Every structure is written in structure tokens, then in C-alpha cells.
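Novice: Structure in C-alpha cells, see below.
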Amino acid sequence: MKTRELIKCLEEKKTFNLLNTEVEGIACDSRKVKKDFLFVAMRGNKSDGHLFIKDAIDRGAKVIVTEKRSAVLPSDVSEIVVQDSRKALHRLAVEFYGNPSSRIKVAGITGTNGKTTVSFILRQILQHTGSKCGLIGTISYQIGERIINSTNTTPESLDIQQFLHDMLEEGCEWAVMEASSHGISQGRIEGIDFDSGIFTNIASHEHLDYHKNFKNYLEAKLEFFSRYLPSGNKKNKAGIINADDPYSKHFVKTLEKSSTKCVTYGRKKSDVQLNGYSIGKEGNLLKISFGKDEMEFRTKIKGISNIYNTLAAIAFAKSREIPLEQVREALEKLESVPGRFESVNAGQDFDVIVDYAHTHHALANLLSSARKMNPSRIIVVFGCGGDRDRTKRPLMGNVAVKMADIAFITSDNPRSEDPVKIIEDIERGIPFYRRRYVTIPDRRQAIYEAVKAARKGDCLVIAGKGHETFQIMKNTIVPFDDREEAKKAIAALGKKEREINGKPEDR
């Protein structure tokens, strides 16, 4: 696309040395710049893209979009000065990729917990009913058969527009994406024409390191329904709201103000109402009424949180008039969601559950779900991430020791913080009379000791990292997978037990 045609989408701009060159691509990371690219210099939380303009030019950029004029630029480079580079980026991305969300149906999911699981369930339902579906979320970005490891729950607006464009090229009719509070407040979902929006829940003490207080966090979630969902040109748009969440009335009122259709779900009086449920080792059973009609739905995914996640997906299907019998068939075929109440089976005589729960609300739901499986004891391994909201650490410690029989407090992703200091923050929430816990900063060792402590009929819950296959320690990312570590510990301890009993593995 020619430069003059591309930059028409920018409302307030000043151009310098404007050459009508052919733009072959757009980048906001200088390392991704190629020959004849347009580079957008943005100010980030950790670095300023304006410092990398020279690097972008050295790599082949011929057009620079910036918030301040550069001192000297080569004669063959055009410069466009704008007030807000981030806003310019999403407009340029929409224009360059041909406004793909206008040609594909898009469902956005926001909330503190459950976004990933709901996205997987939605994708299962849509693909079962014959609609090819792409996915953008915490675990991965799925475009047709191509799977890209996720770097952010909600990637940058430029990446989203490219993903949506590529999904269309792959024949996708739907794109399901998670909308994080960071992604919403930073405008990463600007320019997306949504068909549906789903609110799962909202919890305090989450991302307060970024939003500073709960009010700002709530407003970020509400903005999805007040601004992004209503702003598009799609017909039959709907917001799907968890009526049982204490803050649901704010979301319902927000949809009413914009005259957007609202579909509620929950145990309270709702459009899609949960009348009863049961949780077992084989999965969940939901009894749901739609007005006068009632149906049962079975899933292999377990846990209290997944009752609501499944309910949200059913409410979405109802809003899109997808036949409920097809929804029931789709749910029965879904095996699991990576790192979400995921069972680990290595031949042991106790249950092992790995889950992403990293807030005190999520941890409470996780341990309550484990209790409903009637184990002899619950053993939990958990930690808290470094460089993140510190106020939730004592709350998680309190929940763990009150709801589990034994707690192993360890590291999560400590990042730049001292793991021992993080554990001390967690311990501040533990009543002095509750001493049923052990602190082991090394996560691998903590999992090993927890497996060692587990007996027949117990349930070992490993929380916090879920699907992640790495651990972040200072500036280093090391391979680490809770599921694999649990399997290794089970195998090692099983071999040791056989040798103690005089039955070495080779015999």
C-alpha cells in the first residue's frame, strides 16, 4: 500500500519529506522491521520506541511515525508526527490489513478469571457446529492449523489485526479472543468490530500493580461494554453477563445505556439459569433452564469455576441461536483445557490437579472444587508472582491454609523479587494458630516434597502456573512445567519405593 493512501486514516498529523513509497509492512518493534516497512515509535512502560528509530531505519524502514520530530533523518525516509503513536498504530493496522474484523465475527471475553477456559469452550462449540474458528488468548494464538505461542493474553493492536486478517485467509468465520484489562486500557482492541462480549467475573486484588486501585480495574472491564462492543457496525450484538457476580449490575446498566442486547447467566434469575450441578472425577453436570425449558449438559472439564465457564459459553450459544443439542454434543467432546483443572496421571494412587489459579478467589474455587471430589486430604503447592500486586499475597496464604490440609508455599515467577521475601508476604496472611504449611522457595523441590507427602486417596493441587512451560527468575526464563515436574516426582518416588521394598526397577 502506498504511503499517502495508508496515512489518510490518521486524523491529526504533520508530514515531513513525504515520499509516496510502497509500504510492505508495519512494525512497532524495531527488531521486526524489514525492507520498506513503516515503523511506529511508541512509548511503553519499560522502554521508549523513539530511542530505536535509527535501528528501524538501519533495518529498512522508509516511513517513521513518531510523537516528536527526529533531529536528522535520511533523505529517503518519510516522517509523520502524531499526538499519540499508540492510537496511530491501531488505525494504520486496521487500514493496512483491510479492516478484517468487519468481515469476520468476533467474540471478546473479559473478566478476572475464566477467560481462557471460556474461549476454548466457545471455539469447541463453534467448530462443532461447522464454523471454523481462530483463537487469541493466554495460552496461544491459533490461526487455522497454525499455533503461535502466546506472549500476551491480548497482544498489541497491530498483531491482532494481522491475526484477524490471517484467520480470514484461512477461511475462519469466527475469532474468539480474550480481552485483558491491560489490553482494554492500553487500546490494544481499538478498531475491532465485536459481535459478542462476555463478562465472566471480577475480583479485587488483581492487577492493582498496574491499575492502582479496584475502581480503575473495574472501569477498564466496563469500558469493553461501554465503548468497544457498541462502537462497531455489526448487527445482533450481545453482551453476555454473569448475573451472580456482585458487580454484574454495573455491566448490565452499561449495556442498557448503549441499547446493546444483554443476556444474563447464573443461579440468580437469568436468561440462562443454572438450576443445579454436580462435580465428580469424571466431570461436571449442569441443569439449566431457558425460560420454561430445561436441559442437562455434561462436560469432562471439572471444578466449580468451570460450571460458570460452561454456563457463559452456553449463554453465548443461546444469544447466537446455535441449536442447544449441538451445544450439548460439543461440550461432551471437549476433553480439557491446558492448565485449567488439568489432571495429571502418571499411575499414582492419588489425584494431581494443575491449575492457573493465581488470585485468592480463584484459589478458593479451586480448592473447593477439589474438596467436592471427596479426597482423603488436600495438599496444595502455590506461590505468588514477583513484580505484581503484593496485596493479594497474604490473602492467598490465608485461603490455602484454611482450605487445604497441607500447604507448600513456594515460588511462582519471582521475576526481579527475592522469592523468600514473596513467601514472607504470603505468610503474613496466615493465622498464628495455622501451622499446616511448609515453605520451600525452590518450586521443583516443593512439588517433589508435596508428591512425597501424598498418600492414597489424597488430592494434590499445584496452583499458579497452569499451562506455563517456563519460570521467570530475574532476567532469565528457564524451562519449567508443573505437569512434567509432578510426573518426574511421581516416577522418582515410585522407583525409590520399589527399591526400598527390595524390588529394583530392573528386576
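Labels for the C-alpha cells follow display order: chains A, B, ..., residues from 1 in each chain, ligands from 1.
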From a DSSP calculation on the backbone, collect every residue of stretch 236-279 of chain A in helix (DSSP H, G or I) and output the set as a PyMOL selection string.
Specialist: chain A and resi 248-257
Novice: Per residue of stretch 361-446 of chain A within 10 Å of stretch 327-344 of chain A, which atom pair is closest and at what distance in Å (one decimal), using only C-alpha atoms, listed by chain and increasing number, as a tab-separated table?
Specialist:
residue	atom	partner	partner_atom	distance
A:Leu366	CA	A:Phe341	CA	7.7
A:Ser369	CA	A:Phe341	CA	9.2
A:Ala370	CA	A:Phe341	CA	9.2
Novice: Keeping only N, CA and C atoms, take the residues you just selected and write them out as a PDB file, in the first residue's frame.
Specialist:
ATOM      1  N   LEU A 366     -10.785 -23.245  43.378  1.00  0.00           N
ATOM      2  CA  LEU A 366     -10.026 -24.439  43.010  1.00  0.00           C
ATOM      3  C   LEU A 366     -10.020 -25.452  44.149  1.00  0.00           C
ATOM      4  N   SER A 369     -13.441 -26.948  44.719  1.00  0.00           N
ATOM      5  CA  SER A 369     -13.735 -27.966  43.702  1.00  0.00           C
ATOM      6  C   SER A 369     -13.024 -29.273  44.020  1.00  0.00           C
ATOM      7  N   ALA A 370     -11.774 -29.159  44.476  1.00  0.00           N
ATOM      8  CA  ALA A 370     -11.019 -30.363  44.854  1.00  0.00           C
ATOM      9  C   ALA A 370     -11.700 -31.073  46.021  1.00  0.00           C
TER      10      ALA A 370
END
Novice: So, with only C-alpha atoms as the atoms that count, which of A:Val40, A:Ile53, A:Ala238, A:Ile64 lies closest to A:Ala107?
Specialist: A:Ala238
Novice: Could you check the closest approach to A:Thr21 for each of A:Ala315, A:Ser131, A:Ile422, A:Val63 and tell me which residue wins, using only C-alpha atoms?
Specialist: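 Using only C-alpha atoms, A:Thr21 sits closest to A:Val63.
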Novice: Got a sec: who's within 8 Å of stretch 146-162 of chain A, counting only C-alpha atoms, leaving out chain neighbours fewer than 6 positions off, as a ChimeraX atom specification?
Specialist: /A:26-27,89-90,93-94,97,99-101,136-140,177-180,182-183,187-190
Novice: How many Å lie between atom CA of A:Gly283 and atom CA of A:His360, rounded to one decimal?
Specialist: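 Atom CA of A:His360 lies at a distance of 23.4 Å from atom CA of A:Gly283.
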Novice: Name all residues at most 6 Å from A:Pro394 (count only C-alpha atoms; drop same-chain ones fewer than 6 positions away) and give them as a list in words.
Specialist: Asp425, Ile426, Arg428 and Gly429 of chain A
Novice: What does the distance from atom CA of A:Ile430 to atom CA of A:Gly397 come to in Å, to one decimal?
Specialist: 5.8 Å
Novice: Show which residues sit within 12 Å of A:Tyr247, as a list in words. Count only C-alpha atoms, and ignore same-chain residues fewer than 5 positions away.
Specialist: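 In the requested form, the answer reads Gly111, Phe199, Thr200, Asn201, Ile202, Ala203, Ser204, Phe214, Lys215, Leu218, Glu219, Lys221, Leu222, Ile241, Asn242, Val252, Lys253 and Thr254 of chain A.
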Novice: Report, in Å with one decimal, the straight-line distance from atom CA of A:Gly49 to atom CA of A:Asp84.
Specialist: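 Spanning atom CA of A:Gly49 to atom CA of A:Asp84 is a straight-line distance of 12.6 Å.
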Novice: Considering only C-alpha atoms, can you say which of A:Lys392, A:Lys2, A:Lys8, A:Lys32 comes closest to A:Asn20?
Specialist: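 Going through A:Lys392, A:Lys2, A:Lys8, A:Lys32 one by one, the smallest distance to A:Asn20 is for A:Lys2.
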Novice: Please list as a VMD selection string every residue within 9 Å of A:Ser376, counting only C-alpha atoms and excluding residues in the same chain fewer than 2 positions away.
Specialist: chain A and resid 374 378 455 to 459
Novice: Rank A:Ala404, A:Leu229, A:Ala453, A:Val354 by their smallest atom-to-atom distance to A:Ala486, using only C-alpha atoms, and report the top residue only.
Specialist: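 Ranked by minimum distance to A:Ala486, first place goes to A:Val354.
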Novice: Identify, on the basis of only C-alpha atoms, every residue whose closest approach to A:Ser258 does not exceed 12 Å; exclude the query and any residue fewer than 4 positions from it along the same chain; express the result as a list in words.
Specialist: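 Close residues of A:Ser258: Glu223, Phe224, Phe225, Ser226, Arg227, Tyr228, Leu229, Pro230, Ser231, Gly232, Lys237, Ala238, Gly239, Phe251, Val252, Lys253, Thr254 and Cys262 of chain A.
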Novice: Using only C-alpha atoms, pick whichever of A:Asp193, A:Asp442, A:Asp29, A:Glu79 has the shortest atom-to-atom distance to A:Gly108.
Specialist: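 Looking at the shortest contact to A:Gly108, the residue is A:Asp193.
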Novice: Pick out the closest residue to A:Tyr308 from this set: A:Lys35, A:Arg435, A:Lys487, A:Lys115. Count only C-alpha atoms.
Specialist: A:Lys115
Novice: Enumerate, as a VMD selection string, the complete set of residues in stretch 217-357 of chain A that a backbone-based DSSP assignment places in strand (DSSP E or B).
Specialist: chain A and resid 238 to 242 261 to 266 272 to 280 283 to 290 293 to 299 337 340 342 to 343 351 to 355
Novice: Can you write out the residues you just picked, keeping C-alpha atoms, as a compact mmCIF listing (two decimals), in the first residue's frame?
Specialist:
# COMPACT_ATOMS: atom_id res chain seq x y z
CA ALA A 238 -24.93 -9.01 22.54
CA GLY A 239 -23.24 -8.76 25.90
CA ILE A 240 -23.20 -11.95 27.99
CA ILE A 241 -23.12 -11.15 31.71
CA ASN A 242 -22.57 -13.31 34.81
CA LYS A 261 -28.71 -6.69 23.88
CA CYS A 262 -27.92 -8.22 27.26
CA VAL A 263 -28.04 -11.95 28.03
CA THR A 264 -27.53 -12.97 31.65
CA TYR A 265 -26.46 -16.30 33.14
CA GLY A 266 -26.17 -17.63 36.68
CA VAL A 272 -29.73 -18.86 31.06
CA GLN A 273 -30.30 -20.10 34.59
CA LEU A 274 -28.36 -22.72 36.49
CA ASN A 275 -30.82 -24.84 38.47
CA GLY A 276 -28.33 -27.38 39.79
CA TYR A 277 -25.00 -29.02 39.22
CA SER A 278 -22.73 -31.81 40.38
CA ILE A 279 -18.95 -32.17 40.30
CA GLY A 280 -17.20 -35.53 40.08
CA GLY A 283 -16.54 -34.11 35.01
CA ASN A 284 -19.39 -31.69 35.63
CA LEU A 285 -23.15 -31.98 35.18
CA LEU A 286 -25.23 -28.83 34.71
CA LYS A 287 -29.01 -28.50 34.87
CA ILE A 288 -30.01 -25.35 33.00
CA SER A 289 -33.32 -23.72 32.23
CA PHE A 290 -34.11 -21.42 29.32
CA ASP A 293 -37.35 -25.39 29.00
CA GLU A 294 -34.69 -27.31 30.95
CA MET A 295 -31.70 -29.29 29.68
CA GLU A 296 -28.77 -31.18 31.15
CA PHE A 297 -25.23 -30.65 29.90
CA ARG A 298 -22.25 -32.86 30.74
CA THR A 299 -18.60 -31.89 30.40
CA VAL A 337 -8.22 -27.01 28.70
CA ARG A 340 -7.15 -25.39 33.87
CA GLU A 342 -5.98 -30.35 34.40
CA SER A 343 -5.48 -33.86 35.73
CA ASP A 351 -5.20 -37.21 42.24
CA VAL A 352 -2.95 -34.45 40.89
CA ILE A 353 -4.58 -31.27 39.59
CA VAL A 354 -2.66 -28.45 37.89
CA ASP A 355 -4.41 -25.09 37.60
